[in-house]
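Here's the structure, in structure tokens; my notes come after.
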Amino acid sequence: MDFCVRDDCTWLYPDSPLAGARAARLDAPRGGHAAFQLLLSAGEGACRLSFAWREAGGPPARLYRLREVGVNENTAPTLMTTTDYGACRDYVTRRAPFAVYDALLPCEPGRPAEGRAFWISVEVPPDQAPGRYCGALTLERGGQRAVCPVECRVYAAQVPAAGAGRLGMLNFFCYENIAAQHGAAEGTEAWRRLMRRYIRAQLEMRCTHILLPAGRPVRREGKLAGFDFSLAEEVGRIALEEGARWLCGGHVAHWSEWTGAEYYPFWDETLPVTGEEGYFQLRLYFSRWAEVVRKNGWQGRVAQALADEPQVHNTAAYRILAAVCRKFLPGAPIVDAVEATNLGGGVDVWVPKLDTWEKNKQAFRRLQAAGEEVWFYTCAFPAGRAANRSMDLPLTVSRGLLWLAAGERFSGYLHWGFNYYIGGDIWHSACCPHKGALLPAGDAHIVYPGPDGPLRSARYEAQRGGAEDCELLYQLQRSDAAAADALAQEVCASSTRYTASGEVLLAARRRLLERLG
């Protein structure tokens with residue numbers, strides 16, 4: 001039985017050649033992690049994996065088997081997907097359709113695990129003693145046995161706990177998919193267990209904000225009588241029990257047309273928020289939500305999302321919406337993805353898309369200089385070479401995005417697609433349908449529905465690693481900003497200039513750890 005070791009920043013495919021190192025060499029900070037992939041030669045039967053350090057006291061390791069996922073179309077040059085490989089071959093990793101190992105399924109040590117590709121992650125506690133730890137991963141299959149030596153150097157550098165550092169993170173969450181993908185009806189014990197596991201998965205990816213469901217309208221005799229926040233209340237309690245730093249109230253309004261000047265509440269798509277009746281309904285919504293916040297003692301723990309992507313045509317309506325929110329939900333910072341820079345006073349946490357940032361960098365820099373908080377976000381647009389979490393872009397990009405955050409002095413990252421499982425079969429069609437087109441592969445989800453909750457992906461692990469790296473870059477900026485910026489530039493200099501090499505990224509990370517001690 002032969003095998004090879006690959007790093008955790010480079011995609012592994014079912015047809016990847018069995019070539020590479022036969023030992024794993026890892027570098028990790030305290031409070032962080034380091035991982036590698038392992039590919040076995042083809043063979044019959046399941047494989048048993050077990051891992052042990054040579055001496056007691058080594059950091060714990062998690063074992064996963066990798067499951068392949070089908071990418072049905074490539075990311076298009078500007079928006080959504082394409083079947084024209086010639087138009088995208090300069091930036092995608094492979095011509096679609098193809099299969100790639102993206103889903104991580106937990107392995108129990110010593111128990112049979114199907115497949116020939118595995119992911120091993122060393123999880124370093126914050127109080128781990130720095131030094132070199134040597135161990136071995138033992139593989140057994142069909143009477144054959146192989147041993148992969150593993151060495152992990154733990155550095156003195158320490159990643160703060162999520163929420164205790166500088167980087168904020170928010171991933172939108174689809175509550176309907178708990179029932180749709182797992183068959184657990186809302187409010188049942190099975191649903192609560194799943195909800196807890198999904199929230200835990202967000203927090204372990206270093207999300208600091210958990211997006212709650214919006215209040216549901218209550219109607220009597222066809223007229224709006226109030227709002228039911230019981231679901232948001234239950235999810236909020238679970239999130240705080242699991243250690244969430246912030247809760248974020250769900251979106252309240254949306255535009256009807258991208259170029260329209262008005263916003264409309266989600267419970268009535270014909271009611272302008274800027275009108276008299278719009279005011280009274282928004283007043284009712286935020287007053288009831290404020291009562292829930294006070295009743296639970298959540299003051300200082302709740303942010304609010306208002307309306308996704310305000311842009312130049314509807315800034316006036318957005319400011320009115322924000323004013324009503326501030327009047328009846330005082331003290332809750334407003335955080336939204338934005339497409340405009342003239343929203344001052346209406347938003348507290350500015351979250352421009354990367355291309356919006358680059359087009360309006362001078363204006364956003366002015367906001368940063370004034371002390372405003374600026375995050376960034378990515379989504380299906382712009383597509384093409386633009387840095388994103390797509391499965392046909394280099395895996396380094398999913399991690400390098402957070403190096404860019406440090407380089408540009410962003411203090412947070414937002415992505416909409418945590419678990420939006422759209423379509424009949426995301427295992428073979430990772431490009432999910434959306435408005436008559438297909439989203440880039442994996443854009444709608446960074447976890448997969450498992451039998452007992454969410455399964456991590458290679459992209460999830462990359463984003464988690466990038467968030468750890470970002471916190472370390474912030475630390476280095478305090479003592480040597482030029483060195484930190486130079487390292488960030490090597491990995492991801494802009495939305496379209498980034499390394500596709502896992503070796504380059506991990507070498508930069510090693511130098512970062514060395515500089516921090």
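Labels used: A, B, ... for chains in the order of the structure tokens, numbers from 1 for residues in each chain, and numbers from 1 for ligands as shown.
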Residues of range 83-179 of chain A within 10 Å of range 475-489 of chain A: nearest atom pair and distance (Å, one decimal) for each, counting only C-alpha atoms, sorted by chain and number, as a Markdown table?
| residue | atom | partner | partner_atom | distance |
| --- | --- | --- | --- | --- |
| A:Ala157 | CA | A:Gln475 | CA | 9.3 |
| A:Gln158 | CA | A:Gln475 | CA | 9.5 |
| A:Val159 | CA | A:Gln475 | CA | 9.3 |
| A:Gly165 | CA | A:Gln475 | CA | 9.6 |
| A:Arg166 | CA | A:Gln475 | CA | 9.5 |
Write the residues of the selection above to a file with C-alpha atoms, as a PDB file, in the first residue's frame.
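So the final result, stored in out_29.pdb, reads:
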ATOM      1  CA  ALA A 157       2.681  32.708  18.656  1.00  0.00           C
ATOM      2  CA  GLN A 158      -0.925  32.426  19.828  1.00  0.00           C
ATOM      3  CA  VAL A 159      -4.174  32.903  17.964  1.00  0.00           C
ATOM      4  CA  GLY A 165      -9.294  39.061  18.521  1.00  0.00           C
ATOM      5  CA  ARG A 166      -9.813  41.752  15.927  1.00  0.00           C
TER       6      ARG A 166
END
- [ ] Pick out the residues sitting within 12 Å of Ala307 in chain A, and hand them over as a PyMOL selection string; count only C-alpha atoms, and ignore anything fewer than 5 positions along from it in its own chain.
- [x] chain A and resi 214+249-256+262-266+273+314-315+317-322+325+334-339+346-347
Open item on the list: Applying 12 Å and only C-alpha atoms, which residues near Trp53 in chain A remain after dropping the ones on its own chain fewer than 2 positions away? List them as a PyMOL selection string.
Closed with: chain A and resi 50-51+55-61+122+132-138+148-152
Task: Secondary structure check, strand (DSSP E or B) residues of range 95-231 of chain A, as a ChimeraX atom specification - done: /A:98-106,112-113,117-123,131-141,144-158,168-171,209-211,216-220,223-228
Open item on the list: Using only C-alpha atoms, can you tell me which of A:Ala28, A:Val349, A:Glu503, A:Ala441 comes closest to Arg6 in chain A?
Closed with: A:Glu503
